[in-house]
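*Asks:* Data file run_17.txt (compact mmCIF, C-alpha atoms) is appended below.
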```txt
# COMPACT_ATOMS: atom_id res chain seq x y z
CA MET A 1 49.11 54.71 59.43
CA SER A 2 52.33 53.29 60.80
CA SER A 3 53.22 49.72 61.69
CA GLY A 4 55.96 47.78 63.42
CA SER A 5 57.97 49.48 66.13
CA ASP A 6 56.45 52.88 65.30
CA SER A 7 52.89 51.71 65.86
CA ARG A 8 50.76 53.25 68.57
CA PHE A 9 47.17 52.53 69.52
CA PRO A 10 45.03 55.68 69.42
CA ILE A 11 41.99 55.67 71.71
CA GLY A 12 38.77 57.12 70.33
CA ARG A 13 36.20 58.41 72.82
CA ARG A 14 38.36 58.01 75.90
CA ASP A 15 35.38 58.36 78.19
CA PHE A 16 34.30 54.86 77.11
CA LEU A 17 37.46 53.24 78.40
CA VAL A 18 37.86 52.02 81.95
CA LEU A 19 40.66 49.50 82.32
CA SER A 20 40.97 47.40 85.43
CA SER A 21 43.98 45.42 84.19
CA ALA A 22 47.41 46.96 84.60
CA ALA A 23 48.68 44.65 81.86
CA ALA A 24 46.12 45.92 79.36
CA LEU A 25 46.85 49.51 80.29
CA GLY A 26 50.55 48.98 79.67
CA VAL A 27 49.91 47.37 76.29
CA ALA A 28 47.68 50.22 75.16
CA ALA A 29 50.00 52.98 76.33
CA SER A 30 53.31 51.61 75.06
CA GLY A 31 52.44 50.03 71.73
CA PHE A 32 53.82 46.75 73.09
CA GLY A 33 51.07 44.87 71.28
CA SER A 34 52.51 45.74 67.89
CA GLU A 35 55.99 44.74 69.04
CA LEU A 36 54.48 41.51 70.31
CA ILE A 37 52.66 40.65 67.09
CA ARG A 38 54.96 41.96 64.37
CA GLY A 39 57.35 38.98 64.59
CA PHE A 40 54.66 36.33 64.34
CA GLY A 41 52.94 34.50 61.48
CA ALA A 42 49.66 35.00 59.68
CA PRO A 43 46.52 35.39 61.82
CA ARG A 44 44.33 32.34 62.25
CA PRO A 45 40.62 32.18 61.33
CA PHE A 46 38.16 32.12 64.21
CA SER A 47 34.52 31.41 65.04
CA ALA A 48 32.41 32.53 68.02
CA GLY A 49 30.17 30.73 70.47
CA PHE A 50 27.92 32.11 73.21
CA THR A 51 26.23 31.07 76.44
CA ASP A 52 23.80 33.08 78.56
CA GLY A 53 24.76 31.33 81.79
CA SER A 54 23.21 27.94 81.13
CA HIS A 55 26.70 26.61 80.24
CA ARG A 56 25.32 25.24 76.95
CA LEU A 57 26.87 27.02 73.98
CA VAL A 58 25.32 28.16 70.70
CA SER A 59 26.87 29.73 67.64
CA ALA A 60 27.15 33.51 68.06
CA ASP A 61 26.16 33.84 64.40
CA ARG A 62 22.63 32.82 65.39
CA LEU A 63 22.22 35.47 68.08
CA HIS A 64 19.73 38.30 67.88
CA HIS A 65 20.99 41.37 69.67
CA ASP A 66 19.23 41.96 72.94
CA PHE A 67 21.29 44.58 74.75
CA ARG A 68 19.85 47.69 76.34
CA GLY A 69 22.33 50.50 76.52
CA ASP A 70 24.94 52.27 74.42
CA VAL A 71 27.99 50.99 76.29
CA ALA A 72 29.01 47.45 77.25
CA ARG A 73 31.65 46.21 79.67
CA ILE A 74 33.86 43.41 78.39
CA LYS A 75 35.87 41.23 80.75
CA VAL A 76 38.50 38.93 79.26
CA THR A 77 38.71 35.90 81.53
CA GLY A 78 41.35 33.76 79.84
CA PHE A 79 42.98 31.98 76.91
CA TRP A 80 43.47 28.23 76.64
CA SER A 81 45.58 26.23 74.16
CA GLY A 82 44.44 22.91 72.79
CA ASP A 83 48.01 21.61 72.31
CA ASP A 84 50.16 23.83 74.60
CA THR A 85 51.82 25.49 71.61
CA PRO A 86 53.15 29.03 72.24
CA ARG A 87 50.76 31.59 70.71
CA SER A 88 50.57 35.35 70.48
CA THR A 89 46.93 36.33 70.97
CA ALA A 90 45.29 39.76 71.01
CA MET A 91 41.88 41.41 71.18
CA ALA A 92 41.05 44.88 69.88
CA ALA A 93 38.04 47.17 70.13
CA TYR A 94 37.20 49.73 67.44
CA PHE A 95 35.99 53.24 68.23
CA HIS A 96 34.57 55.72 65.75
CA ASP A 97 37.04 58.58 65.82
CA GLY A 98 34.78 61.59 66.22
CA GLY A 99 31.39 62.45 64.79
CA GLU A 100 28.32 60.24 64.77
CA VAL A 101 28.82 56.49 65.22
CA PRO A 102 27.82 54.70 61.98
CA PHE A 103 25.36 51.85 61.90
CA ARG A 104 26.21 48.42 60.55
CA GLY A 105 26.06 48.24 56.78
CA GLU A 106 26.94 51.88 56.32
CA ALA A 107 30.16 52.88 54.61
CA PRO A 108 31.98 55.07 57.14
CA PHE A 109 34.06 52.50 58.98
CA ARG A 110 37.04 54.56 57.88
CA GLY A 111 38.29 56.91 60.54
CA GLU A 112 37.92 54.34 63.29
CA ALA A 113 40.51 54.14 66.03
CA PRO A 114 41.69 50.69 67.15
CA PHE A 115 42.40 50.07 70.81
CA LEU A 116 44.45 47.01 71.73
CA ALA A 117 42.57 46.05 74.87
CA TRP A 118 44.28 42.73 75.64
CA ALA A 119 47.34 40.80 74.48
CA HIS A 120 49.07 37.67 75.70
CA VAL A 121 51.87 35.30 74.70
CA TYR A 122 50.75 31.85 75.78
CA ARG A 123 53.28 29.59 77.47
CA ALA A 124 52.45 26.11 78.75
CA ASN A 125 51.04 26.27 82.27
CA GLY A 126 51.15 30.07 82.27
CA PRO A 127 47.93 31.91 83.17
CA ALA A 128 46.61 34.58 80.81
CA PRO A 129 46.10 38.10 82.20
CA ARG A 130 42.57 39.36 82.76
CA ALA A 131 41.31 42.71 81.53
CA SER A 132 38.16 44.82 81.75
CA PHE A 133 37.21 47.63 79.40
CA ARG A 134 34.14 49.39 78.02
CA VAL A 135 33.12 49.67 74.37
CA PRO A 136 30.27 51.37 72.51
CA VAL A 137 27.33 49.28 71.29
CA ARG A 138 26.52 50.11 67.68
CA ASP A 139 23.06 49.20 66.48
CA GLY A 140 23.09 46.29 68.93
CA ALA A 141 26.56 45.06 67.97
CA LEU A 142 30.17 45.21 69.19
CA ALA A 143 33.04 46.06 66.81
CA LEU A 144 35.87 43.76 67.92
CA GLY A 145 39.01 42.21 66.46
CA PHE A 146 40.69 38.92 67.37
CA GLU A 147 44.08 37.57 66.45
CA SER A 148 46.17 34.53 67.34
CA ARG A 149 49.45 33.68 65.67
CA ASP A 150 52.21 31.10 65.50
CA PRO A 151 55.83 32.29 65.78
CA LEU A 152 57.47 33.50 62.58
CA THR A 153 60.76 35.31 62.09
CA ALA A 154 59.66 37.79 59.41
CA GLY A 155 57.95 40.93 60.70
CA LYS A 156 54.50 41.87 59.43
CA ALA A 157 52.08 44.77 59.90
CA ASP A 158 49.48 44.24 62.57
CA PRO A 159 46.12 43.24 60.99
CA LEU A 160 44.24 44.54 64.03
CA ILE A 161 45.46 48.03 63.15
CA ALA A 162 44.71 47.64 59.44
CA ALA A 163 41.24 46.27 60.25
CA ALA A 164 40.22 49.62 61.73
CA ASN A 165 39.81 50.95 58.20
CA ASP A 166 38.51 47.76 56.61
CA ARG A 167 35.23 46.32 57.84
CA GLU A 168 35.76 43.24 55.65
CA ALA A 169 39.09 42.40 57.30
CA ALA A 170 39.29 38.82 58.56
CA ALA A 171 40.65 39.99 61.92
CA ARG A 172 37.51 41.95 62.86
CA CYS A 173 33.83 41.20 63.28
CA MET A 174 30.56 42.71 64.47
CA LEU A 175 29.20 40.54 67.27
CA ASN A 176 25.55 40.86 68.19
CA ALA A 177 25.60 42.09 71.77
CA ARG A 178 24.03 39.96 74.49
CA ARG A 179 24.70 39.72 78.20
CA GLY A 180 26.63 36.51 78.67
CA THR A 181 29.87 34.75 77.81
CA TYR A 182 31.51 34.51 74.39
CA VAL A 183 34.08 31.94 73.30
CA ILE A 184 36.37 32.63 70.34
CA ALA A 185 37.72 29.40 68.80
CA PHE A 186 40.80 29.73 66.58
CA ASP A 187 41.34 27.45 63.57
CA ALA A 188 38.08 25.67 64.34
CA LYS A 189 34.35 25.69 63.71
CA PRO A 190 33.09 23.64 66.65
CA ASN A 191 29.68 22.10 67.01
CA TRP A 192 28.89 24.60 69.75
CA SER A 193 25.72 22.84 70.88
CA ALA A 194 27.82 19.80 71.79
CA LEU A 195 30.02 21.82 74.17
CA GLN A 196 29.53 23.10 77.70
CA LEU A 197 31.46 25.93 79.31
CA GLY A 198 32.65 24.99 82.78
CA THR A 199 34.66 26.78 85.45
CA GLY A 200 37.68 24.51 85.92
CA ASP A 201 41.24 24.70 84.62
CA LYS A 202 39.96 23.74 81.16
CA PRO A 203 36.53 25.36 80.76
CA LEU A 204 35.74 23.47 77.55
CA GLY A 205 37.37 20.23 78.61
CA ASN A 206 39.83 18.42 76.33
CA VAL A 207 39.25 20.19 73.02
CA SER A 208 41.82 20.32 70.22
CA PHE A 209 41.57 24.05 69.45
CA ASP A 210 42.74 27.25 71.14
CA TYR A 211 40.10 29.58 72.55
CA LEU A 212 39.59 32.95 74.20
CA VAL A 213 36.78 33.58 76.72
CA PHE A 214 35.22 36.94 77.61
CA THR A 215 31.97 38.20 79.13
CA VAL A 216 29.71 41.07 78.06
CA ASP A 217 27.55 42.97 80.54
CA HIS A 218 26.04 46.38 81.10
CA ALA A 219 28.58 49.07 81.91
```
Could I get this structure in the form of structure tokens?
*Replies:*
Amino acid sequence: MSSGSDSRFPIGRRDFLVLSSAAALGVAASGFGSELIRGFGAPRPFSAGFTDGSHRLVSADRLHHDFRGDVARIKVTGFWSGDDTPRSTAMAAYFHDGGEVPFRGEAPFRGEAPFLAWAHVYRANGPAPRASFRVPVRDGALALGFESRDPLTAGKADPLIAAANDREAAARCMLNARRGTYVIAFDAKPNWSALQLGTGDKPLGNVSFDYLVFTVDHA
């Protein structure tokens, strides 16, 4: 597996992928995501919140999967910074590369193919690109990876690529699939029940952490 400027993002099960964002398509095809991330610092820890449309958030760790279907459509709606610091942020989906898709808890995560579905370098007052793509639902869960970094001069291998073969990697997680909106908070473990997701310029209001927002629905 290569890294740095030689990295490419193989796509497993191409029939799952329907991209409506030209930016995401360019990232996936060119390997730009690895170029984008390789000069940045260590990835930041994250936690996930969820709302089903009521605007009130709960911890995604408490969700029971309730998704009917083998394929989900994910729409990335934006990234917001708590302090307007430049960040390199990315989201990956993991596809089993041939054969039968393993269930959670089983060993064969090796042989997965990572797909860099969305990437963005945040600048103050600059909008994040939107993207739409489809991913398989495995035993009621979504295999996704998230990464957000501070600038750093030394190049490093992309953890989203390495996480394809390591289900314990900090950059990836298995989210229980529900129809609704997910919020990924970086460097924070918010009291999700105290937050509401709005629709304005700052969906969570004046929070101190950076966050990524995406929706999950039937394909």
*Asks:* Within 8 Å of Asp210 of chain A, counting only C-alpha atoms, which residues show up once you throw out same-chain ones fewer than 6 positions away? Write them as a list in words, please.
*Replies:* Phe79, Trp80, Ser81, Gly82, Asp83, Ala185, Phe186 and Asp187 of chain A
*Asks:* Measuring between only C-alpha atoms, which one of A:Leu57, A:Leu160, A:Ala131, A:Ile74 shows the shortest distance to Gly198 of chain A?
*Replies:*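 Ranking A:Leu57, A:Leu160, A:Ala131, A:Ile74 by distance to Gly198 of chain A, first place goes to A:Leu57.
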*Asks:* Leaving out Tyr182 of chain A and any residue of its chain fewer than 2 positions from it, which residues lie within 9 Å of it when counting all atoms listed in the file, given as a list in words?
*Replies:*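 Using all atoms listed in the file, the neighbours found are Ala48, Gly49, Phe50, Thr51, Asp52, Leu57, Ala60, Gly180, Ile184, Leu212, Val213, Phe214, Thr215 and Val216 of chain A.
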*Asks:* For atom CA of Asp70 of chain A and atom CA of Val58 of chain A, determine how far apart the two atoms are, in Å to one decimal place.
*Replies:*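 The value is 24.4 Å.
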*Asks:* Of the candidates A:Val76, A:Ala162, A:Ala188, A:Met174, which shows the shortest atom-to-atom distance to Phe133 of chain A, using only C-alpha atoms?
*Replies:*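 Checking each of A:Val76, A:Ala162, A:Ala188, A:Met174 against Phe133 of chain A, counting only C-alpha atoms, the winner is A:Val76.
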*Asks:* To one decimal place in Å, what is the distance between atom CA of Val183 of chain A and atom CA of Ala92 of chain A?
*Replies:*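 Computed distance, atom CA of Val183 of chain A to atom CA of Ala92 of chain A, equals 15.1 Å.
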*Asks:* What does the distance from atom CA of Pro45 of chain A to atom CA of Asp217 of chain A come to in Å, to one decimal?
*Replies:*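 Interatomic distance here is 25.6 Å.
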*Asks:* Pick from A:Thr89, A:Thr181, A:Ser47, A:Ser54: nearest to Ala128 of chain A, with all atoms listed in the file counted?
*Replies:*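 Ranked by minimum distance to Ala128 of chain A, first place goes to A:Thr89.
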*Asks:* A:Pro86, A:Gly145, A:Pro127, A:Gly53: which is nearest Asp201 of chain A, counting only C-alpha atoms?
*Replies:*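 Smallest distance to Asp201 of chain A is found for A:Pro127.
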